[in-house]
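Dumped upload.cif below, it's mmCIF, C-alpha atoms:
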```cif
data_coords
loop_
_atom_site.label_atom_id
_atom_site.label_comp_id
_atom_site.auth_asym_id
_atom_site.auth_seq_id
_atom_site.Cartn_x
_atom_site.Cartn_y
_atom_site.Cartn_z
CA MET Z 1 0.00 0.00 0.00
CA PHE Z 2 1.27 3.46 -0.89
CA PRO Z 3 -1.19 6.00 0.53
CA VAL Z 4 1.24 8.88 0.10
CA LEU Z 5 4.29 9.80 -1.95
CA GLN Z 6 6.52 12.22 -0.11
CA LEU Z 7 8.70 14.30 -2.40
CA GLY Z 8 10.71 16.49 -0.03
CA PRO Z 9 8.23 18.75 1.77
CA LEU Z 10 5.50 17.83 -0.74
CA VAL Z 11 3.06 15.09 0.30
CA ILE Z 12 1.14 13.63 -2.65
CA GLN Z 13 -1.90 11.50 -1.84
CA THR Z 14 -1.45 8.52 -4.17
CA PRO Z 15 -5.19 7.65 -4.37
CA GLY Z 16 -5.97 11.24 -5.37
CA LEU Z 17 -3.27 11.19 -8.03
CA VAL Z 18 -4.59 7.90 -9.46
CA LEU Z 19 -8.16 9.25 -9.56
CA LEU Z 20 -6.93 12.38 -11.32
CA LEU Z 21 -5.12 10.34 -13.97
CA GLY Z 22 -8.18 8.13 -14.37
CA PHE Z 23 -10.36 11.19 -14.82
CA TRP Z 24 -8.09 12.62 -17.49
CA ALA Z 25 -7.90 9.32 -19.41
CA GLY Z 26 -11.67 8.82 -19.07
CA MET Z 27 -12.35 12.30 -20.38
CA GLU Z 28 -10.21 11.66 -23.47
CA LEU Z 29 -12.01 8.37 -24.08
CA ALA Z 30 -15.46 9.94 -23.64
CA GLU Z 31 -14.61 12.69 -26.13
CA ARG Z 32 -13.38 10.08 -28.62
CA HIS Z 33 -16.61 8.12 -28.34
CA ALA Z 34 -18.73 11.25 -28.66
CA VAL Z 35 -16.97 12.34 -31.88
CA GLN Z 36 -17.38 8.82 -33.31
CA ARG Z 37 -21.11 9.14 -32.64
CA GLY Z 38 -21.43 12.50 -34.38
CA ILE Z 39 -21.28 14.94 -31.47
CA PRO Z 40 -19.20 17.98 -32.50
CA GLU Z 41 -15.64 17.95 -31.20
CA GLY Z 42 -15.11 19.48 -27.79
CA ARG Z 43 -18.75 19.40 -26.65
CA VAL Z 44 -18.47 16.41 -24.31
CA TYR Z 45 -15.02 17.53 -23.17
CA ASN Z 46 -16.43 20.91 -22.13
CA LEU Z 47 -19.50 19.30 -20.59
CA ILE Z 48 -17.28 17.14 -18.34
CA LEU Z 49 -14.96 20.00 -17.40
CA VAL Z 50 -17.78 22.39 -16.51
CA SER Z 51 -19.61 19.65 -14.57
CA LEU Z 52 -16.38 18.87 -12.71
CA ILE Z 53 -15.82 22.49 -11.74
CA THR Z 54 -19.41 23.10 -10.65
CA GLY Z 55 -19.40 19.72 -8.90
CA LEU Z 56 -16.33 20.70 -6.88
CA LEU Z 57 -17.85 24.07 -6.05
CA GLY Z 58 -21.08 22.36 -5.03
CA ALA Z 59 -19.18 19.89 -2.87
CA ARG Z 60 -17.34 22.69 -1.05
CA LEU Z 61 -20.54 24.74 -0.61
CA GLY Z 62 -22.30 21.64 0.69
CA PHE Z 63 -19.56 21.16 3.27
CA ILE Z 64 -19.73 24.83 4.29
CA ALA Z 65 -23.50 24.51 4.71
CA GLN Z 66 -22.92 21.49 6.94
CA TYR Z 67 -20.42 23.27 9.23
CA PRO Z 68 -21.10 27.02 8.88
CA SER Z 69 -19.64 27.90 12.30
CA ALA Z 70 -16.30 26.31 11.37
CA PHE Z 71 -15.95 28.72 8.45
CA ALA Z 72 -17.28 31.74 10.34
CA SER Z 73 -14.13 31.62 12.52
CA SER Z 74 -11.75 31.09 9.59
CA PRO Z 75 -13.41 32.24 6.34
CA LEU Z 76 -10.20 31.90 4.31
CA SER Z 77 -10.45 28.14 4.76
CA ILE Z 78 -13.17 28.25 2.09
CA PHE Z 79 -10.36 28.28 -0.48
CA ALA Z 80 -8.22 25.58 1.18
CA LEU Z 81 -7.14 22.74 -1.11
CA SER Z 82 -8.43 20.09 1.23
CA PRO Z 83 -10.33 17.09 -0.19
CA GLN Z 84 -11.69 16.35 3.29
CA MET Z 85 -13.75 19.55 3.06
CA LEU Z 86 -15.99 18.32 0.27
CA SER Z 87 -19.52 17.02 0.60
CA VAL Z 88 -19.70 14.21 -1.99
CA PRO Z 89 -23.53 14.03 -2.25
CA SER Z 90 -23.79 17.80 -2.82
CA GLY Z 91 -21.03 17.67 -5.42
CA LEU Z 92 -22.62 14.79 -7.32
CA LEU Z 93 -26.01 16.49 -7.29
CA VAL Z 94 -24.61 19.77 -8.64
CA ALA Z 95 -22.50 17.96 -11.28
CA PHE Z 96 -25.57 15.96 -12.36
CA LEU Z 97 -27.74 19.07 -12.62
CA THR Z 98 -25.01 20.88 -14.58
CA THR Z 99 -24.76 17.97 -17.02
CA LEU Z 100 -28.53 18.00 -17.43
CA ILE Z 101 -28.71 21.75 -18.06
CA ILE Z 102 -25.79 21.79 -20.52
CA THR Z 103 -27.14 18.78 -22.40
CA GLN Z 104 -30.47 20.54 -22.86
CA ARG Z 105 -29.12 24.01 -23.61
CA LYS Z 106 -26.53 22.78 -26.10
CA LYS Z 107 -29.12 20.40 -27.59
CA LEU Z 108 -26.84 17.39 -27.18
CA PRO Z 109 -28.46 14.01 -27.90
CA ALA Z 110 -29.16 12.73 -24.36
CA TRP Z 111 -28.62 8.99 -24.86
CA THR Z 112 -25.53 9.39 -27.05
CA THR Z 113 -24.06 11.79 -24.50
CA LEU Z 114 -24.75 9.32 -21.69
CA ASP Z 115 -23.15 6.55 -23.76
CA SER Z 116 -20.06 8.72 -24.19
CA LEU Z 117 -19.90 9.54 -20.48
CA VAL Z 118 -19.78 5.79 -19.78
CA SER Z 119 -16.14 5.84 -20.93
CA LEU Z 120 -15.36 8.33 -18.19
CA LEU Z 121 -17.31 6.37 -15.56
CA ALA Z 122 -15.73 3.05 -16.57
CA MET Z 123 -12.23 4.52 -16.45
CA MET Z 124 -12.98 6.11 -13.05
CA THR Z 125 -14.12 2.71 -11.74
CA VAL Z 126 -10.76 1.24 -12.73
CA ALA Z 127 -8.96 4.18 -11.11
CA LEU Z 128 -11.04 3.75 -7.95
CA GLY Z 129 -9.92 0.12 -7.66
CA ILE Z 130 -6.26 1.16 -8.02
CA ALA Z 131 -6.80 4.01 -5.53
CA HIS Z 132 -8.20 1.48 -3.04
CA LEU Z 133 -5.13 -0.66 -3.66
CA ALA Z 134 -2.89 2.33 -2.90
CA SER Z 135 -4.73 3.35 0.24
CA GLY Z 136 -5.67 -0.10 1.56
CA ASP Z 137 -9.34 0.88 1.74
CA ALA Z 138 -12.17 -1.46 0.74
CA TYR Z 139 -10.11 -4.34 2.13
CA GLY Z 140 -11.09 -8.00 2.16
CA LEU Z 141 -12.02 -10.68 4.64
CA PRO Z 142 -9.29 -12.89 6.08
CA THR Z 143 -8.51 -15.86 3.86
CA ALA Z 144 -6.15 -18.84 3.67
CA LEU Z 145 -6.20 -18.81 -0.15
CA PRO Z 146 -2.73 -18.65 -1.74
CA TRP Z 147 -3.43 -15.32 -3.46
CA GLY Z 148 -4.35 -13.62 -0.17
CA ILE Z 149 -2.36 -10.49 0.69
CA GLU Z 150 -0.95 -9.41 4.05
CA LEU Z 151 -2.94 -6.38 5.08
CA TRP Z 152 -3.99 -4.80 8.36
CA GLY Z 153 -2.57 -7.58 10.47
CA ASP Z 154 -4.09 -10.51 8.55
CA ARG Z 155 -3.91 -12.44 5.30
CA ARG Z 156 -6.85 -11.13 3.32
CA HIS Z 157 -8.74 -11.39 0.04
CA PRO Z 158 -7.21 -8.82 -2.36
CA THR Z 159 -10.62 -7.22 -2.92
CA GLN Z 160 -8.99 -4.12 -4.39
CA LEU Z 161 -7.47 -6.34 -7.11
CA TYR Z 162 -10.79 -8.11 -7.72
CA GLU Z 163 -12.40 -4.70 -8.05
CA THR Z 164 -9.74 -3.44 -10.47
CA VAL Z 165 -9.76 -6.56 -12.66
CA LEU Z 166 -13.57 -6.57 -12.94
CA ALA Z 167 -13.57 -2.84 -13.73
CA LEU Z 168 -10.96 -3.42 -16.44
CA LEU Z 169 -13.13 -6.16 -17.86
CA VAL Z 170 -16.15 -3.84 -17.97
CA LEU Z 171 -14.02 -1.14 -19.61
CA ALA Z 172 -12.74 -3.60 -22.22
CA LEU Z 173 -16.26 -4.86 -23.00
CA LEU Z 174 -17.55 -1.33 -23.46
CA TRP Z 175 -14.47 0.07 -25.21
CA PRO Z 176 -15.63 2.71 -27.69
CA ALA Z 177 -15.67 1.26 -31.18
CA ARG Z 178 -17.39 2.69 -34.22
CA LYS Z 179 -18.51 -0.68 -35.53
CA TYR Z 180 -17.57 -3.85 -33.80
CA ARG Z 181 -18.71 -7.25 -34.94
CA TYR Z 182 -19.60 -8.54 -31.50
CA SER Z 183 -21.07 -5.36 -30.07
CA ALA Z 184 -24.64 -5.35 -31.36
CA TRP Z 185 -25.75 -5.44 -27.74
CA ILE Z 186 -24.30 -1.97 -27.09
CA GLN Z 187 -24.83 -0.34 -30.48
CA PRO Z 188 -28.30 1.30 -30.19
CA GLU Z 189 -28.33 4.66 -28.40
CA GLY Z 190 -28.48 4.35 -24.64
CA THR Z 191 -27.57 0.66 -24.49
CA ARG Z 192 -23.95 1.32 -23.61
CA PHE Z 193 -25.08 3.31 -20.58
CA TRP Z 194 -27.47 0.62 -19.32
CA ALA Z 195 -24.92 -2.11 -20.06
CA PHE Z 196 -22.35 -0.25 -17.96
CA LEU Z 197 -24.77 -0.02 -15.04
CA ALA Z 198 -25.69 -3.70 -15.31
CA LEU Z 199 -22.09 -4.93 -15.61
CA SER Z 200 -20.92 -2.68 -12.79
CA ALA Z 201 -23.75 -3.96 -10.58
CA VAL Z 202 -22.63 -7.55 -11.23
CA SER Z 203 -19.01 -6.60 -10.43
CA TRP Z 204 -20.17 -4.91 -7.26
CA ILE Z 205 -22.15 -7.97 -6.17
CA ILE Z 206 -19.07 -10.17 -6.70
CA THR Z 207 -16.54 -7.88 -5.01
CA GLU Z 208 -18.74 -7.10 -2.03
CA THR Z 209 -18.86 -10.82 -1.20
CA PHE Z 210 -15.24 -10.67 -0.07
CA ARG Z 211 -15.22 -7.26 1.65
CA ALA Z 212 -14.43 -7.21 5.38
CA GLU Z 213 -16.76 -4.31 6.13
CA GLY Z 214 -20.42 -3.88 5.48
CA THR Z 215 -23.91 -3.70 6.87
CA LEU Z 216 -26.29 -6.63 6.93
CA ILE Z 217 -29.98 -6.52 6.26
CA PHE Z 218 -31.99 -9.73 6.70
CA GLY Z 219 -28.67 -11.56 6.96
CA VAL Z 220 -27.36 -10.44 3.57
CA ARG Z 221 -25.20 -7.49 2.64
CA GLN Z 222 -27.10 -4.25 2.14
CA SER Z 223 -24.69 -3.15 -0.62
CA GLN Z 224 -25.43 -6.31 -2.61
CA ILE Z 225 -29.18 -5.74 -2.35
CA VAL Z 226 -28.70 -2.21 -3.71
CA ALA Z 227 -26.49 -3.58 -6.52
CA TRP Z 228 -29.08 -6.26 -7.33
CA LEU Z 229 -31.83 -3.63 -7.60
CA ILE Z 230 -29.61 -1.54 -9.89
CA LEU Z 231 -29.02 -4.66 -11.97
CA GLY Z 232 -32.78 -5.21 -12.27
CA ILE Z 233 -33.44 -1.62 -13.36
CA SER Z 234 -30.47 -1.70 -15.76
CA VAL Z 235 -31.52 -4.82 -17.65
CA TRP Z 236 -35.03 -3.40 -17.92
CA GLY Z 237 -33.67 -0.11 -19.31
CA TRP Z 238 -31.22 -1.95 -21.54
CA ARG Z 239 -33.99 -4.06 -23.07
CA LYS Z 240 -36.13 -0.97 -23.69
CA ARG Z 241 -33.28 0.71 -25.58
CA LEU Z 242 -32.26 -2.44 -27.42
CA PHE Z 243 -35.75 -3.27 -28.67
CA PRO Z 244 -37.62 0.06 -28.69
CA ASP Z 245 -40.40 -1.20 -30.96
CA GLN Z 246 -41.07 -4.42 -29.08
CA THR Z 247 -43.90 -4.43 -26.58
CA SER Z 248 -43.90 -8.11 -25.76
CA PRO Z 249 -40.99 -10.48 -25.12
CA GLU Z 250 -42.51 -12.99 -27.56
CA ARG Z 251 -41.94 -10.72 -30.58
CA SER Z 252 -38.58 -11.04 -32.28
CA MET Q 1 -20.18 -17.04 -29.97
CA ASN Q 2 -21.32 -14.45 -32.48
CA TYR Q 3 -23.68 -11.81 -31.16
CA ASN Q 4 -25.38 -11.12 -34.44
CA THR Q 5 -28.80 -9.51 -34.56
CA SER Q 6 -30.63 -12.77 -35.28
CA MET Q 7 -29.48 -14.20 -31.93
CA LEU Q 8 -30.14 -10.99 -30.03
CA THR Q 9 -33.91 -11.09 -29.77
CA PRO Q 10 -36.22 -9.74 -27.07
CA ARG Q 11 -36.91 -13.30 -25.98
CA THR Q 12 -33.23 -14.28 -25.60
CA PHE Q 13 -32.49 -10.97 -23.85
CA THR Q 14 -35.35 -11.48 -21.39
CA ILE Q 15 -34.24 -15.03 -20.64
CA PHE Q 16 -30.64 -13.87 -20.23
CA SER Q 17 -31.76 -11.06 -17.87
CA LEU Q 18 -33.90 -13.35 -15.72
CA VAL Q 19 -31.10 -15.94 -15.50
CA LEU Q 20 -28.64 -13.20 -14.55
CA LEU Q 21 -30.95 -11.81 -11.86
CA GLY Q 22 -31.67 -15.31 -10.54
CA LEU Q 23 -27.99 -16.25 -10.41
CA SER Q 24 -27.09 -12.97 -8.70
CA ALA Q 25 -29.80 -13.41 -6.08
CA THR Q 26 -28.66 -17.00 -5.44
CA TRP Q 27 -25.03 -15.84 -5.15
CA ILE Q 28 -26.01 -13.12 -2.66
CA VAL Q 29 -27.90 -15.57 -0.47
CA LEU Q 30 -25.40 -18.44 -0.69
CA THR Q 31 -22.35 -16.27 0.01
CA ARG Q 32 -23.92 -14.24 2.83
CA PRO Q 33 -21.45 -13.65 5.64
CA ALA Q 34 -21.69 -15.80 8.74
CA PRO Q 35 -22.78 -13.93 11.87
CA GLY Q 36 -19.92 -11.93 13.35
CA VAL Q 37 -17.58 -12.41 10.40
CA LEU Q 38 -17.73 -8.77 9.30
CA GLU Q 39 -15.12 -6.73 11.08
CA ASN Q 40 -16.03 -4.20 13.69
CA PRO Q 41 -14.04 -1.33 15.13
CA SER Q 42 -12.60 -3.54 17.89
CA LEU Q 43 -9.44 -4.06 15.81
CA THR Q 44 -6.59 -1.74 16.68
CA LEU Q 45 -4.99 0.03 13.73
CA ALA Q 46 -3.92 3.57 12.87
CA ARG Q 47 -6.52 4.16 10.18
CA PRO Q 48 -10.10 5.42 10.05
CA GLY Q 49 -12.70 2.97 11.31
CA PHE Q 50 -10.37 1.21 13.75
CA GLN Q 51 -9.52 1.60 17.42
CA ALA Q 52 -6.65 4.05 17.82
CA PRO Q 53 -3.49 2.29 19.09
CA ASP Q 54 -2.83 3.12 22.71
CA PHE Q 55 0.39 4.71 23.95
CA GLU Q 56 1.79 6.41 27.02
CA LEU Q 57 4.24 9.30 26.72
CA GLN Q 58 5.73 12.09 28.81
CA THR Q 59 4.81 15.72 28.17
CA LEU Q 60 7.39 18.47 27.91
CA THR Q 61 6.60 19.26 31.56
CA GLY Q 62 7.24 15.67 32.65
CA GLU Q 63 3.66 14.45 33.16
CA SER Q 64 2.63 11.06 31.86
CA VAL Q 65 -0.34 10.88 29.46
CA SER Q 66 -1.87 7.77 27.92
CA LEU Q 67 -4.42 7.76 25.10
CA SER Q 68 -6.60 5.20 26.86
CA SER Q 69 -6.92 7.47 29.92
CA LEU Q 70 -8.72 9.99 27.69
CA ARG Q 71 -11.50 7.57 26.74
CA GLY Q 72 -14.81 9.43 26.86
CA LYS Q 73 -13.34 12.58 25.32
CA PRO Q 74 -12.81 13.45 21.65
CA VAL Q 75 -9.07 13.59 20.91
CA ILE Q 76 -7.14 15.29 18.12
CA LEU Q 77 -3.77 13.60 17.77
CA ASN Q 78 -1.19 15.54 15.78
CA LEU Q 79 2.16 14.03 14.88
CA TRP Q 80 4.77 16.70 14.19
CA ALA Q 81 8.39 17.81 14.21
CA SER Q 82 9.78 21.30 14.75
CA TRP Q 83 11.80 21.29 11.49
CA CYS Q 84 8.74 20.51 9.34
CA PRO Q 85 7.35 23.72 7.70
CA PRO Q 86 3.72 22.54 7.33
CA CYS Q 87 3.77 21.44 11.01
CA GLN Q 88 4.95 24.91 11.99
CA ALA Q 89 2.31 26.55 9.81
CA GLU Q 90 -0.64 24.63 11.23
CA MET Q 91 0.18 24.84 14.96
CA PRO Q 92 -1.52 28.26 15.48
CA SER Q 93 -4.78 26.72 14.17
CA PHE Q 94 -4.52 23.94 16.74
CA GLN Q 95 -4.00 26.55 19.44
CA HIS Q 96 -7.10 28.52 18.31
CA VAL Q 97 -9.22 25.37 18.28
CA TYR Q 98 -7.86 24.30 21.68
CA GLU Q 99 -8.76 27.68 23.18
CA ASP Q 100 -12.30 27.45 21.80
CA TYR Q 101 -13.05 23.82 22.56
CA HIS Q 102 -11.01 22.49 25.49
CA GLU Q 103 -13.68 23.53 27.99
CA ARG Q 104 -16.11 21.32 26.08
CA GLY Q 105 -13.86 18.34 26.71
CA VAL Q 106 -11.91 18.27 23.46
CA VAL Q 107 -8.30 17.12 23.94
CA ILE Q 108 -5.43 18.00 21.62
CA LEU Q 109 -2.28 15.90 21.88
CA ALA Q 110 0.68 17.07 19.82
CA VAL Q 111 3.15 14.20 19.67
CA ASN Q 112 6.62 15.37 18.73
CA LEU Q 113 8.47 12.66 16.82
CA THR Q 114 11.59 13.25 18.88
CA LEU Q 115 13.58 10.54 17.13
CA GLN Q 116 13.67 12.75 14.06
CA ASP Q 117 13.75 16.03 16.00
CA ARG Q 118 15.55 17.56 18.98
CA GLU Q 119 13.77 17.98 22.30
CA GLU Q 120 15.26 21.45 22.75
CA ASP Q 121 14.01 22.58 19.34
CA ALA Q 122 10.54 21.25 20.13
CA ARG Q 123 10.56 23.08 23.48
CA GLN Q 124 11.65 26.36 21.84
CA PHE Q 125 8.95 26.01 19.20
CA VAL Q 126 6.24 25.49 21.83
CA LEU Q 127 7.41 28.50 23.84
CA LYS Q 128 7.68 30.73 20.78
CA ASN Q 129 4.18 29.84 19.60
CA HIS Q 130 2.58 29.93 23.08
CA LEU Q 131 1.07 26.47 22.69
CA SER Q 132 -0.94 25.57 25.78
CA PHE Q 133 -2.12 22.05 24.85
CA PRO Q 134 -0.09 18.99 25.90
CA VAL Q 135 2.98 18.34 23.77
CA LEU Q 136 4.25 14.77 24.14
CA LEU Q 137 7.72 13.47 23.37
CA ASP Q 138 7.94 10.27 21.37
CA SER Q 139 11.57 9.75 22.35
CA GLY Q 140 11.58 6.00 21.66
CA GLY Q 141 9.74 6.22 18.33
CA ASN Q 142 6.93 4.04 19.68
CA VAL Q 143 4.07 6.21 18.38
CA GLU Q 144 5.86 6.74 15.07
CA ARG Q 145 5.92 2.94 14.62
CA LEU Q 146 2.43 2.28 15.98
CA TYR Q 147 0.92 4.89 13.69
CA SER Q 148 3.09 3.88 10.66
CA THR Q 149 3.89 7.54 10.10
CA ARG Q 150 4.72 8.10 6.43
CA ALA Q 151 4.51 11.87 6.23
CA LEU Q 152 4.51 14.89 8.53
CA PRO Q 153 2.31 16.30 9.82
CA THR Q 154 -0.36 13.66 10.25
CA THR Q 155 -3.51 14.34 12.24
CA TYR Q 156 -5.99 11.82 13.63
CA PHE Q 157 -9.48 12.64 14.86
CA ILE Q 158 -10.45 10.13 17.52
CA SER Q 159 -13.97 9.82 18.87
CA ALA Q 160 -14.88 9.51 22.55
CA ASP Q 161 -15.06 5.71 22.16
CA GLY Q 162 -11.48 5.56 20.88
CA ILE Q 163 -12.21 5.04 17.18
CA ILE Q 164 -10.30 6.96 14.52
CA ARG Q 165 -12.91 8.88 12.51
CA GLU Q 166 -10.64 10.77 10.14
CA ARG Q 167 -6.97 10.98 9.24
CA VAL Q 168 -5.34 13.91 7.48
CA ILE Q 169 -1.92 13.22 6.03
CA GLY Q 170 0.15 16.29 5.22
CA GLY Q 171 -0.56 19.90 5.96
CA PRO Q 172 -0.98 22.61 6.89
CA ILE Q 173 -4.50 21.58 7.84
CA ALA Q 174 -7.23 24.16 7.26
CA GLU Q 175 -8.57 25.60 10.51
CA ALA Q 176 -12.14 25.13 9.29
CA LEU Q 177 -11.46 21.42 8.77
CA LEU Q 178 -10.17 21.16 12.33
CA ARG Q 179 -13.27 22.88 13.64
CA ALA Q 180 -15.62 20.84 11.45
CA GLN Q 181 -14.07 17.59 12.62
CA VAL Q 182 -14.26 18.70 16.26
CA GLU Q 183 -17.94 19.57 15.79
CA ARG Q 184 -18.51 16.14 14.28
CA LEU Q 185 -16.75 14.39 17.18
CA LEU Q 186 -18.70 16.43 19.75
CA HIS Q 187 -21.92 15.62 17.94
CA GLU Q 188 -21.12 11.89 18.11
CA ALA Q 189 -20.02 11.97 21.76
CA PRO Q 190 -22.41 10.21 24.15
#
```
Any chance you could put this one into structure tokens?
Amino acid sequence: MFPVLQLGPLVIQTPGLVLLLGFWAGMELAERHAVQRGIPEGRVYNLILVSLITGLLGARLGFIAQYPSAFASSPLSIFALSPQMLSVPSGLLVAFLTTLIITQRKKLPAWTTLDSLVSLLAMMTVALGIAHLASGDAYGLPTALPWGIELWGDRRHPTQLYETVLALLVLALLWPARKYRYSAWIQPEGTRFWAFLALSAVSWIITETFRAEGTLIFGVRQSQIVAWLILGISVWGWRKRLFPDQTSPERS
Amino acid sequence: MNYNTSMLTPRTFTIFSLVLLGLSATWIVLTRPAPGVLENPSLTLARPGFQAPDFELQTLTGESVSLSSLRGKPVILNLWASWCPPCQAEMPSFQHVYEDYHERGVVILAVNLTLQDREEDARQFVLKNHLSFPVLLDSGGNVERLYSTRALPTTYFISADGIIRERVIGGPIAEALLRAQVERLLHEAP
């Protein structure tokens, strides 16, 4: 595990660096897919950048709203480069709303744009697995299996590796290709997005099995129930996009 | 297998989806964790979600302080050295927060990593900056080892029940973050 890289007085958080690289690579890939699908060059790139900036602002404002008295005593802290002072739900909400507004105002095709953004999300999922590997977060249950890794005082399932490998697999399956012989299942508009959700849900269900932490509900993991529900919604959405004219499963 | 359009029909997709959902549900049920197998915060480790490793050190004034003796109070544990510029820069913020919160039971422990510092330099730094919270000397490097210190400064926010809630590696830490974390710990305190 390498949670930090110390270069002289400079402390670089390795997980943050990995996520940043993943974001950059994902953005390039999303733009490539968008151009292949006829979206003018730069539109998706700008959409992601603006959503990122507003998302970060939203996350910081959300944190300030949560602890206003902390900032009343030291208002300059508002500008501090501290990732711990971000409210993730607020940031995601603002980024989502920004994406929605820009997509509508710039008249971008919604499903094609979502399909393009899948490249970014898939790359970020890979980066998240590597970031977990660097930080030692999302660690596994103790195991006697030969591929177990020594971590936090025990030999454990390398859940961070499972997570990374599965994410790479999802990324490879959904790799942007103009025409690919075996990719009829993700060719119609919107199917790539639903396929990503479904495949990620399956990956999540598998990885969570070996995680050391978690909350149980009715004796099973809560996270897996959520992933299973996402899987159900995704295959439903996927089918609707794949066969838009079909009203009954019997028609082919 | 060739996924051509003739194979990809609504019927095959529906069957595939139902099989996938069924297999996933079966997997979730069959691989459910046995009672008590999921880890709880009883493990001792210097990272968020775990019990903070205990230690006992002497302060600059010669008193003995152990972390376990502070159970029931939120603790901010700062690992520092007098030669480290970010450590120097953030100390006034710790002093401000200490002045505002110590009457509400918040404890700040500044552990000087004396193996990589000099006791006299640490003492001079404390005097110069008028620090009134306890400054401990890790002369044997015990805390440095226990907390696997990779970078300075490192700050831990420990709840009243002894669990590390947040860890900030590097600095200088923003004063608002210190205050926000203290508010969070006070809010959690029984």
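The gap separating CA of Met27 in chain Z from CA of Ser203 in chain Z is 22.4 Å, in Å to one decimal.
Here, the PyMOL selection byres ((chain Q and resi 112-127) around 8) matches Leu60, Leu79, Trp80, Ala81, Ser82, Trp83, Ala110, Val111, Lys128, Asn129, His130, Leu131, Val135, Leu136, Leu137, Asp138, Ser139, Gly140, Gly141, Val143 and Glu144 of chain Q.
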Problem - Residues returned when the PyMOL selection byres ((chain Z) within 8 of (chain Q)) runs on this file, as an MDAnalysis selection string - result: chainID Z and resid 4 6 9 11 67 70:71 73:75 77:78 80 82 84:85 141 152 181:185 202 205 209 212:214 219:221 224 228 231:232 235 239 243 246 248:252
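On the file presented, the PyMOL selection byres ((chain Z and resi 96) around 12) picks out Z:Leu47, Z:Ile48, Z:Val50, Z:Ser51, Z:Leu52, Z:Ile53, Z:Thr54, Z:Gly55, Z:Leu56, Z:Gly58, Z:Pro89, Z:Ser90, Z:Gly91, Z:Leu92, Z:Leu93, Z:Val94, Z:Ala95, Z:Leu97, Z:Thr98, Z:Thr99, Z:Leu100, Z:Ile101, Z:Ile102, Z:Thr103, Z:Leu114, Z:Leu117.
Coordinates place CA of Leu128 in chain Z at a distance of 7.8 Å from CA of Val18 in chain Z.
Between CA of Thr59 in chain Q and CA of Arg165 in chain Q there is a distance of 24.6 Å.
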Fill in the blank from the handout: Restricting to only C-alpha atoms, whichever of Q:Gln88, Q:Gln51, Q:Thr154, Q:Ser132 is closest to Ser68 in chain Q is Q:Gln51
First collect every listed atom of range 9-26 of chain Q; then fit an axis-aligned box around them, widen it by 3 Å on each side, and give centre and edge lengths in Å to one decimal, as JSON.
```
{"center_x": -32.0, "center_y": -13.4, "center_z": -17.6, "size_x": 15.8, "size_y": 13.3, "size_z": 30.3}
```
Handout entry: Spatial neighbours of range 168-171 of chain Z, max dist 12 Å, all atoms listed in the file, sep filter under 4 positions, as a PyMOL selection string
Key = chain Z and resi 26+29-30+118-130+161-164+175-177+192-193+195-204
Handout entry: Of the listed residues Q:Glu188, Q:Asp54, Q:Glu63, Q:Glu99, that which approaches Ser159 in chain Q most closely, counting only C-alpha atoms
Key =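 That would be Q:Glu188, the residue with the smallest distance to Ser159 in chain Q.
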Problem - Close residues, Pro40 in chain Z itself excluded, 10 Å, only C-alpha atoms, min 4 positions apart in chain, as a ChimeraX atom specification - result: /Z:31,34-36,44,108
Write the selection just made, keeping C-alpha atoms, as a PDB file, keeping the file's coordinate frame?
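Result written to again-v9.pdb:
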```pdb
ATOM      1  CA  GLU Z  31     -14.610  12.690 -26.130  1.00  0.00           C
ATOM      2  CA  ALA Z  34     -18.730  11.250 -28.660  1.00  0.00           C
ATOM      3  CA  VAL Z  35     -16.970  12.340 -31.880  1.00  0.00           C
ATOM      4  CA  GLN Z  36     -17.380   8.820 -33.310  1.00  0.00           C
ATOM      5  CA  VAL Z  44     -18.470  16.410 -24.310  1.00  0.00           C
ATOM      6  CA  LEU Z 108     -26.840  17.390 -27.180  1.00  0.00           C
TER       7      LEU Z 108
END
```
Practice task
Do a neighbour search on Val65 in chain Q at 7 Å with all atoms listed in the file, toss out local chain neighbours closer than 3 positions, and write the hits as an MDAnalysis selection string.
Solution key: chainID Q and resid 56:58
Exercise for the section: Identify which of the residues Z:Ala167, Z:Leu151, Z:Val88, Z:Leu133 lies closest to Leu61 in chain Z, counting all atoms listed in the file when measuring atom-to-atom distances. Expected result: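 Closest residue, counting all atoms listed in the file: Z:Val88.
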Practice task
Go ahead and find all residues with at least one atom no further than 9 Å from (-6.9, 16.3, 21.8) in the file's coordinates, using only C-alpha atoms; report them as a list in words.
Solution key: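 It turns out the residues near that spot are Leu70, Lys73, Pro74, Val75, Ile76, Leu77, Asn78, Tyr98, His102, Gly105, Val106, Val107, Ile108, Leu109, Ala110, Phe133, Pro134, Phe157 and Ile158 of chain Q.
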Handout entry: Distance query Thr159 in chain Z at most 8 Å, all atoms listed in the file, self and fewer than 3 positions along chain excluded, as a ChimeraX atom specification
Key = /Z:138-140,162-163,207,210-211
Handout entry: From Z:Tyr45, Z:Glu208, Z:Thr113, Z:Phe218, residue lying nearest Phe23 in chain Z [all atoms listed in the file]
Key =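 Result for the nearest residue to Phe23 in chain Z: Z:Tyr45.
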